[in-house]
$ cat upload.cif   # mmCIF, C-alpha atoms
data_run
loop_
_atom_site.label_atom_id
_atom_site.label_comp_id
_atom_site.auth_asym_id
_atom_site.auth_seq_id
_atom_site.Cartn_x
_atom_site.Cartn_y
_atom_site.Cartn_z
CA MET A 1 13.73 26.88 -1.40
CA ILE A 2 13.35 23.23 -0.44
CA TYR A 3 9.89 21.68 -0.81
CA THR A 4 8.90 18.43 0.83
CA VAL A 5 5.81 16.44 -0.11
CA THR A 6 3.92 14.26 2.39
CA PHE A 7 0.82 12.68 0.93
CA ASN A 8 -0.22 10.97 4.17
CA PRO A 9 0.92 12.91 7.28
CA ALA A 10 0.44 11.29 10.66
CA VAL A 11 0.19 11.78 14.38
CA ASP A 12 2.47 9.18 15.96
CA TYR A 13 1.27 8.12 19.41
CA CYS A 14 4.16 6.31 21.08
CA ILE A 15 3.43 4.10 24.08
CA HIS A 16 6.23 2.71 26.28
CA MET A 17 5.50 -0.63 27.96
CA GLU A 18 7.29 -3.53 29.60
CA ALA A 19 5.40 -6.07 27.48
CA VAL A 20 2.18 -6.42 25.49
CA ARG A 21 -0.33 -9.03 26.58
CA VAL A 22 -2.88 -9.73 23.86
CA GLY A 23 -6.48 -9.87 25.04
CA GLU A 24 -5.75 -8.07 28.32
CA VAL A 25 -5.72 -4.48 29.58
CA ASN A 26 -2.20 -3.09 29.12
CA ARG A 27 -0.98 0.00 30.96
CA SER A 28 1.84 2.16 29.68
CA LYS A 29 4.91 3.47 31.47
CA GLY A 30 4.73 6.68 29.45
CA GLU A 31 3.49 8.22 26.23
CA GLU A 32 4.77 10.66 23.62
CA ILE A 33 3.17 12.31 20.62
CA PHE A 34 5.06 13.19 17.45
CA PHE A 35 3.82 14.79 14.25
CA GLY A 36 5.27 13.43 11.06
CA GLY A 37 5.25 11.59 7.80
CA LYS A 38 8.40 11.17 5.73
CA GLY A 39 8.45 14.57 4.02
CA ILE A 40 7.53 16.35 7.24
CA ASN A 41 10.40 14.56 8.99
CA VAL A 42 12.77 15.91 6.35
CA SER A 43 11.47 19.45 6.90
CA VAL A 44 11.89 19.18 10.68
CA VAL A 45 15.52 18.06 10.43
CA LEU A 46 16.29 20.69 7.79
CA LYS A 47 15.01 23.29 10.26
CA GLU A 48 17.42 21.91 12.88
CA LEU A 49 20.22 22.36 10.35
CA GLY A 50 19.26 25.96 9.68
CA LEU A 51 17.61 25.54 6.28
CA ARG A 52 14.12 26.68 5.33
CA SER A 53 11.67 24.38 3.63
CA ARG A 54 7.99 24.35 2.76
CA ALA A 55 5.99 21.25 3.63
CA LEU A 56 3.33 20.35 1.05
CA GLY A 57 0.71 17.62 1.22
CA PHE A 58 -2.78 16.88 2.48
CA VAL A 59 -4.36 17.19 5.92
CA ALA A 60 -7.84 16.39 7.21
CA GLY A 61 -9.87 16.65 10.40
CA PHE A 62 -8.71 17.54 13.90
CA THR A 63 -5.50 15.53 13.54
CA GLY A 64 -4.60 17.35 10.34
CA GLN A 65 -5.21 20.67 12.06
CA ALA A 66 -2.92 19.61 14.90
CA ILE A 67 -0.16 18.63 12.45
CA GLU A 68 -0.37 21.95 10.64
CA LEU A 69 -0.45 24.03 13.83
CA TRP A 70 2.55 22.17 15.25
CA LEU A 71 4.61 22.70 12.09
CA LYS A 72 3.79 26.40 11.99
CA GLY A 73 4.64 26.68 15.67
CA SER A 74 7.98 25.03 14.92
CA GLY A 75 8.76 27.68 12.32
CA ILE A 76 8.19 25.50 9.25
CA ASP A 77 6.27 26.91 6.27
CA THR A 78 3.34 24.79 5.13
CA GLY A 79 1.25 24.49 2.00
CA PHE A 80 -1.22 21.76 2.86
CA VAL A 81 -4.39 21.08 0.93
CA ARG A 82 -7.23 20.61 3.42
CA LEU A 83 -9.61 17.71 2.82
CA GLU A 84 -13.26 17.96 3.86
CA GLN A 85 -13.69 14.26 4.64
CA GLY A 86 -11.86 11.95 7.05
CA PHE A 87 -8.91 12.77 9.28
CA SER A 88 -5.15 12.54 9.02
CA ARG A 89 -4.02 9.16 10.28
CA ILE A 90 -2.93 8.22 13.78
CA ASN A 91 -0.12 5.69 14.06
CA VAL A 92 0.26 3.82 17.36
CA LYS A 93 3.88 2.89 18.10
CA ILE A 94 4.21 0.38 20.93
CA LYS A 95 7.71 0.42 22.42
CA ALA A 96 8.12 -2.76 24.45
CA SER A 97 10.62 -5.64 24.27
CA ALA A 98 9.96 -5.42 20.53
CA GLU A 99 8.49 -2.52 18.56
CA THR A 100 4.94 -2.95 17.26
CA ASP A 101 3.36 -0.42 14.89
CA LEU A 102 -0.35 0.04 14.21
CA ASN A 103 -0.50 2.45 11.29
CA GLY A 104 -3.69 4.18 10.18
CA GLN A 105 -4.79 4.34 6.57
CA GLY A 106 -5.49 8.06 6.25
CA PRO A 107 -8.17 9.89 4.25
CA ASP A 108 -9.08 9.45 0.61
CA ILE A 109 -7.76 12.20 -1.66
CA PRO A 110 -10.25 13.20 -4.41
CA SER A 111 -8.96 14.24 -7.84
CA GLU A 112 -9.93 17.90 -7.42
CA LYS A 113 -7.80 18.15 -4.27
CA LEU A 114 -4.86 16.60 -6.10
CA GLU A 115 -5.25 19.35 -8.70
CA GLU A 116 -4.96 21.93 -5.90
CA LEU A 117 -1.63 20.42 -4.87
CA PHE A 118 -0.39 20.44 -8.46
CA ALA A 119 -1.27 24.14 -8.70
CA MET A 120 1.10 24.76 -5.77
CA LEU A 121 3.94 23.21 -7.78
CA ASP A 122 3.88 26.27 -10.05
CA GLU A 123 5.80 28.19 -7.37
CA ILE A 124 8.75 25.81 -7.63
CA GLY A 125 11.43 27.18 -9.93
CA ASP A 126 15.07 27.14 -10.98
CA GLY A 127 17.44 26.29 -8.15
CA ASP A 128 14.76 24.83 -5.87
CA THR A 129 14.75 21.31 -4.44
CA ILE A 130 11.78 18.96 -4.07
CA VAL A 131 11.80 15.88 -1.84
CA LEU A 132 9.40 13.04 -2.70
CA SER A 133 9.47 10.32 -0.09
CA GLY A 134 7.58 7.27 1.01
CA SER A 135 4.68 5.21 -0.26
CA ILE A 136 1.47 6.74 -1.58
CA PRO A 137 -2.13 6.32 -0.38
CA PRO A 138 -4.30 3.92 -2.40
CA SER A 139 -6.61 6.76 -3.45
CA LEU A 140 -3.81 8.40 -5.48
CA PRO A 141 -2.67 7.27 -8.94
CA PRO A 142 0.40 4.99 -8.77
CA ASP A 143 2.34 7.26 -11.14
CA ILE A 144 1.94 10.35 -8.96
CA TYR A 145 5.70 10.86 -8.51
CA GLU A 146 6.18 10.68 -12.27
CA LYS A 147 3.41 13.22 -12.83
CA ILE A 148 5.03 15.64 -10.38
CA LEU A 149 8.45 15.35 -12.02
CA GLU A 150 6.87 15.65 -15.46
CA LYS A 151 5.24 18.92 -14.40
CA LEU A 152 8.60 20.22 -13.14
CA GLU A 153 10.53 19.10 -16.23
CA GLY A 154 12.35 21.93 -17.94
CA ARG A 155 12.96 23.79 -14.69
CA ARG A 156 16.34 23.42 -12.99
CA VAL A 157 14.85 21.69 -9.93
CA ARG A 158 16.76 19.15 -7.87
CA ALA A 159 14.48 16.17 -7.29
CA VAL A 160 15.13 13.82 -4.38
CA VAL A 161 13.27 10.50 -4.43
CA ASP A 162 13.20 8.25 -1.37
CA ALA A 163 10.93 5.40 -2.41
CA ALA A 164 11.02 1.71 -3.24
CA GLY A 165 10.24 -0.57 -6.17
CA GLU A 166 8.44 0.67 -9.25
CA LEU A 167 7.68 3.97 -7.53
CA LEU A 168 11.41 4.71 -7.61
CA LEU A 169 12.25 3.09 -10.94
CA ASN A 170 9.57 5.02 -12.81
CA THR A 171 11.08 8.38 -11.80
CA LEU A 172 14.54 7.63 -13.22
CA LYS A 173 13.68 8.89 -16.70
CA TYR A 174 13.45 12.37 -15.18
CA ARG A 175 17.04 12.15 -13.87
CA PRO A 176 16.42 12.83 -10.18
CA PHE A 177 19.30 14.53 -8.39
CA LEU A 178 19.27 11.90 -5.64
CA VAL A 179 17.66 8.53 -5.00
CA LYS A 180 18.04 6.86 -1.60
CA PRO A 181 17.18 3.17 -1.40
CA ASN A 182 18.42 1.12 1.53
CA ASP A 183 20.48 -1.97 0.76
CA PHE A 184 17.45 -4.28 0.91
CA GLU A 185 15.42 -2.04 -1.42
CA LEU A 186 18.37 -1.80 -3.82
CA GLY A 187 18.56 -5.58 -3.95
CA GLU A 188 14.82 -5.90 -4.52
CA LEU A 189 15.06 -3.67 -7.59
CA PHE A 190 17.39 -6.17 -9.27
CA GLY A 191 16.36 -9.45 -7.63
CA VAL A 192 19.61 -9.82 -5.68
CA LYS A 193 20.92 -9.54 -2.12
CA PRO A 194 23.97 -7.27 -2.18
CA ASP A 195 26.13 -7.89 0.89
CA THR A 196 29.45 -6.21 0.16
CA THR A 197 30.32 -2.62 -0.61
CA GLU A 198 31.46 -3.68 -4.05
CA GLU A 199 28.10 -5.28 -4.81
CA ILE A 200 26.23 -2.21 -3.58
CA VAL A 201 28.39 0.03 -5.77
CA GLU A 202 27.71 -2.22 -8.77
CA TYR A 203 23.94 -1.96 -8.46
CA ALA A 204 24.02 1.72 -7.50
CA ARG A 205 25.87 2.36 -10.74
CA ARG A 206 23.13 0.48 -12.57
CA LEU A 207 20.62 2.96 -11.14
CA LYS A 208 22.85 5.78 -12.35
CA GLY A 209 22.86 4.22 -15.79
CA MET A 210 19.06 4.26 -15.69
CA GLY A 211 18.97 7.99 -14.94
CA ALA A 212 19.75 8.74 -11.28
CA VAL A 213 22.36 11.48 -10.82
CA ASN A 214 23.44 10.45 -7.30
CA VAL A 215 22.63 7.17 -5.54
CA LEU A 216 22.78 7.04 -1.73
CA VAL A 217 22.37 3.59 -0.20
CA SER A 218 21.76 3.40 3.54
CA ARG A 219 22.95 0.24 5.32
CA ALA A 220 21.72 0.70 8.92
CA GLY A 221 24.51 -0.46 11.25
CA ASP A 222 26.93 -0.82 8.33
CA GLY A 223 26.85 2.87 7.41
CA ALA A 224 26.13 4.18 3.92
CA VAL A 225 27.51 4.19 0.39
CA LEU A 226 27.23 7.01 -2.15
CA VAL A 227 27.94 6.88 -5.87
CA ASP A 228 28.02 10.51 -6.93
CA GLU A 229 27.29 12.29 -10.19
CA GLY A 230 30.92 11.91 -11.33
CA ASN A 231 30.78 8.16 -10.58
CA GLY A 232 32.94 8.66 -7.49
CA VAL A 233 32.41 6.27 -4.59
CA HIS A 234 32.12 7.47 -0.98
CA VAL A 235 31.79 5.11 1.97
CA CYS A 236 30.85 6.18 5.50
CA GLY A 237 30.71 3.97 8.57
CA ALA A 238 27.87 4.07 11.05
CA CYS A 239 27.86 6.34 14.09
CA SER A 240 28.37 4.89 17.56
CA GLY A 241 25.41 4.98 19.93
CA THR A 242 22.46 3.11 21.38
CA VAL A 243 19.55 2.70 18.96
CA ARG A 244 16.32 3.91 20.58
CA ASN A 245 14.19 4.75 17.58
CA SER A 246 13.85 3.48 14.02
CA VAL A 247 11.26 6.03 12.85
CA GLY A 248 12.58 8.85 10.70
CA ALA A 249 16.26 7.84 10.53
CA GLY A 250 16.18 7.51 6.74
CA ASP A 251 14.32 10.81 6.39
CA SER A 252 16.93 12.46 8.60
CA MET A 253 19.69 11.07 6.38
CA VAL A 254 17.99 12.63 3.35
CA ALA A 255 17.73 15.98 5.15
CA GLY A 256 21.37 15.89 6.19
CA PHE A 257 22.57 14.99 2.72
CA VAL A 258 20.49 17.73 1.07
CA ALA A 259 21.70 20.25 3.65
CA GLY A 260 25.29 19.19 3.03
CA CYS A 261 24.88 19.74 -0.71
CA LEU A 262 23.10 23.08 -0.47
CA GLY A 263 25.22 24.61 2.27
CA VAL A 264 24.45 24.22 5.94
CA PRO A 265 25.42 26.60 8.76
CA ALA A 266 28.27 24.87 10.59
CA ALA A 267 28.35 24.21 14.31
CA ASP A 268 30.26 27.44 14.95
CA GLY A 269 27.68 29.48 13.04
CA GLN A 270 29.79 29.87 9.92
CA ALA A 271 28.08 28.93 6.67
CA TRP A 272 29.70 26.51 4.24
CA ASP A 273 29.43 27.92 0.72
CA ALA A 274 28.13 25.32 -1.73
CA ALA A 275 28.42 27.63 -4.75
CA ALA A 276 31.49 25.80 -6.07
CA GLY A 277 29.62 22.50 -6.13
CA CYS A 278 28.66 19.81 -3.66
CA ASP A 279 31.29 18.27 -1.42
CA TYR A 280 29.76 14.81 -1.60
CA GLY A 281 31.96 13.34 1.08
CA PHE A 282 30.80 16.00 3.52
CA ALA A 283 27.17 15.59 2.46
CA LEU A 284 27.36 11.84 3.06
CA ARG A 285 28.88 12.32 6.53
CA LEU A 286 26.28 14.93 7.48
CA GLY A 287 23.49 12.66 6.25
CA THR A 288 24.89 9.74 8.21
CA ALA A 289 25.23 11.88 11.34
CA ALA A 290 21.63 13.12 11.02
CA GLY A 291 20.32 9.59 10.55
CA GLY A 292 22.30 8.39 13.55
CA ALA A 293 21.13 11.28 15.73
CA THR A 294 17.52 10.29 15.09
CA ALA A 295 18.20 6.59 15.65
CA PHE A 296 19.79 7.38 19.02
CA SER A 297 16.94 9.69 20.12
CA HIS A 298 13.31 9.19 21.09
CA GLY A 299 12.28 11.66 18.39
CA LEU A 300 13.90 13.35 15.40
CA ALA A 301 17.50 14.50 15.39
CA GLY A 302 18.48 17.70 17.17
CA ARG A 303 21.16 20.07 15.87
CA GLU A 304 23.64 19.52 18.69
CA ASP A 305 23.46 15.74 18.39
CA ILE A 306 23.91 15.89 14.62
CA PHE A 307 27.09 17.95 14.84
CA ARG A 308 28.42 15.85 17.71
CA LEU A 309 28.11 12.74 15.57
CA LEU A 310 29.50 14.58 12.54
CA ARG A 311 32.69 15.24 14.50
CA GLN A 312 32.80 11.51 15.26
CA LEU A 313 32.79 10.75 11.54
CA SER A 314 35.33 13.40 10.49
#
$ encode --input "upload.cif" --output "structure tokens"
Amino acid sequence: MIYTVTFNPAVDYCIHMEAVRVGEVNRSKGEEIFFGGKGINVSVVLKELGLRSRALGFVAGFTGQAIELWLKGSGIDTGFVRLEQGFSRINVKIKASAETDLNGQGPDIPSEKLEELFAMLDEIGDGDTIVLSGSIPPSLPPDIYEKILEKLEGRRVRAVVDAAGELLLNTLKYRPFLVKPNDFELGELFGVKPDTTEEIVEYARRLKGMGAVNVLVSRAGDGAVLVDEGNGVHVCGACSGTVRNSVGAGDSMVAGFVAGCLGVPAADGQAWDAAAGCDYGFALRLGTAAGGATAFSHGLAGREDIFRLLRQLS
């Protein structure tokens, strides 16, 4: 089973406009509502790729109830801890000549509710995968990712960490199966600005030396670079298409890569057997295709678009 963790789920209210005039009444050309948060985004794309996951995290208020009902209606298992105070955040995404985001803070998470989440981790066992992604709310301890991986230590669990800065670095001692910084985040970790593939490989290998098993570096329009567990280097160019959406592309890449490693039902319905080990080149291409399919959509990637872009990369 794949488990995703979203500490701060959100309702994204997307408003399409010609332009935003500050201090005036602005009227939209259209609106859309999406339910997400980084771990939830991973679960949604995994579902598109035919893999089950269980979304863990915290929800509160009427917005939290809406998030949970939508996920269940989409066929995704949930294990949310319900908070008595506050409400799950609403993010306003203004799509005009430039994108403007107004992101809510979300509810405080008391220590006893965090303990409830940790109790749910007991169901995670050998062969399972856990995805930890994104920043953490200020009400949680800054070492929360470390505490989760410490609790899972000793079990054969694949940990995927999609985070930045110290949040990422502090998990490396637990040898996560995959870390996924983008090129800017990779540079920030070492105080550099890697521009070339060779430079990205150099610093990705440094992360491997610090404990990461696989390092996947996303590069937006320049594609992605993977340094795998055997120190092999895989490079994948970007997909061709018109970028319509920047929200969730990195999460979709994580979902595609994980699906590629674990075995994803192919476009013709035949399952690829991952028992002999991960085909990292395939996993990188599937992750890149999933990220591109989201970037070229108004929402998260759909199965048909993912496999269409995968054929483009093959």
$ axis_aligned_box --input "upload.cif" --around "range 232-247 of chain A" --padding-each-side "3 Å" --output "lines of an AutoDock Vina configuration file"
center_x = 22.1
center_y = 5.7
center_z = 6.9
size_x = 27.7
size_y = 12.0
size_z = 34.9
$ closest_residue --input "upload.cif" --among "A:Gly106, A:Gly75, A:Gly86, A:Gly187" --to "Glu48 in chain A" --atoms "all atoms listed in the file"
A:Gly75
$ residues_around --input "upload.cif" --residues "range 166-175 of chain A" --least-positions-apart "4" --cutoff "8 Å" --atoms "all atoms listed in the file" --output "VMD selection string"
chain A and resid 135 142 to 143 145 to 146 149 to 150 153 161 to 162 179 207 210 to 213
$ resolve_selection --input "upload.cif" --expression "the PyMOL selection byres ((chain A and resi 238) around 8)" --output "ChimeraX atom specification"
/A:220-224,236-237,239-240,288,292
$ resolve_selection --input "upload.cif" --expression "the PyMOL selection byres ((chain A and resi 61) around 7)" --output "PDB file with C-alpha atoms, keeping the file's coordinate frame"
ATOM      1  CA  ALA A  60      -7.840  16.390   7.210  1.00  0.00           C
ATOM      2  CA  PHE A  62      -8.710  17.540  13.900  1.00  0.00           C
ATOM      3  CA  THR A  63      -5.500  15.530  13.540  1.00  0.00           C
ATOM      4  CA  GLY A  64      -4.600  17.350  10.340  1.00  0.00           C
ATOM      5  CA  GLN A  65      -5.210  20.670  12.060  1.00  0.00           C
ATOM      6  CA  GLY A  86     -11.860  11.950   7.050  1.00  0.00           C
ATOM      7  CA  PHE A  87      -8.910  12.770   9.280  1.00  0.00           C
ATOM      8  CA  SER A  88      -5.150  12.540   9.020  1.00  0.00           C
TER       9      SER A  88
END
$ atom_distance --input "upload.cif" --atom1 "CA of Glu199 in chain A" --atom2 "CA of Glu229 in chain A"
18.4 Å
$ closest_atom_pairs --input "upload.cif" --of "range 194-283 of chain A" --to "range 98-102 of chain A" --cutoff "12 Å" --atoms "all atoms listed in the file" --output "Markdown table"
| residue | atom | partner | partner_atom | distance |
| --- | --- | --- | --- | --- |
| A:Arg244 | CA | A:Glu99 | CA | 10.3 |
| A:Asn245 | CA | A:Glu99 | CA | 9.3 |
| A:Ser246 | CA | A:Glu99 | CA | 9.2 |
| A:Val247 | CA | A:Asp101 | CA | 10.4 |
$ closest_residue --input "upload.cif" --among "A:Gly256, A:Leu152, A:Val59, A:Val243" --to "Ser297 in chain A" --atoms "all atoms listed in the file"
A:Val243
$ residues_near_point --input "upload.cif" --point "(30.3, 9.8, -3.1)" --cutoff "9 Å" --atoms "all atoms listed in the file" --output "MDAnalysis selection string"
chainID A and resid 214:216 225:235 279:281 283:284
$ atom_distance --input "upload.cif" --atom1 "CA of Gly73 in chain A" --atom2 "CA of Val45 in chain A"
14.8 Å
$ residues_around --input "upload.cif" --residues "Phe184 in chain A" --least-positions-apart "6" --cutoff "10 Å" --atoms "only C-alpha atoms" --output "ChimeraX atom specification"
/A:164,192-195,217-219
$ closest_residue --input "upload.cif" --among "A:Val44, A:Ile2, A:Met253, A:Ala295" --to "Trp70 in chain A" --atoms "all atoms listed in the file"
A:Val44
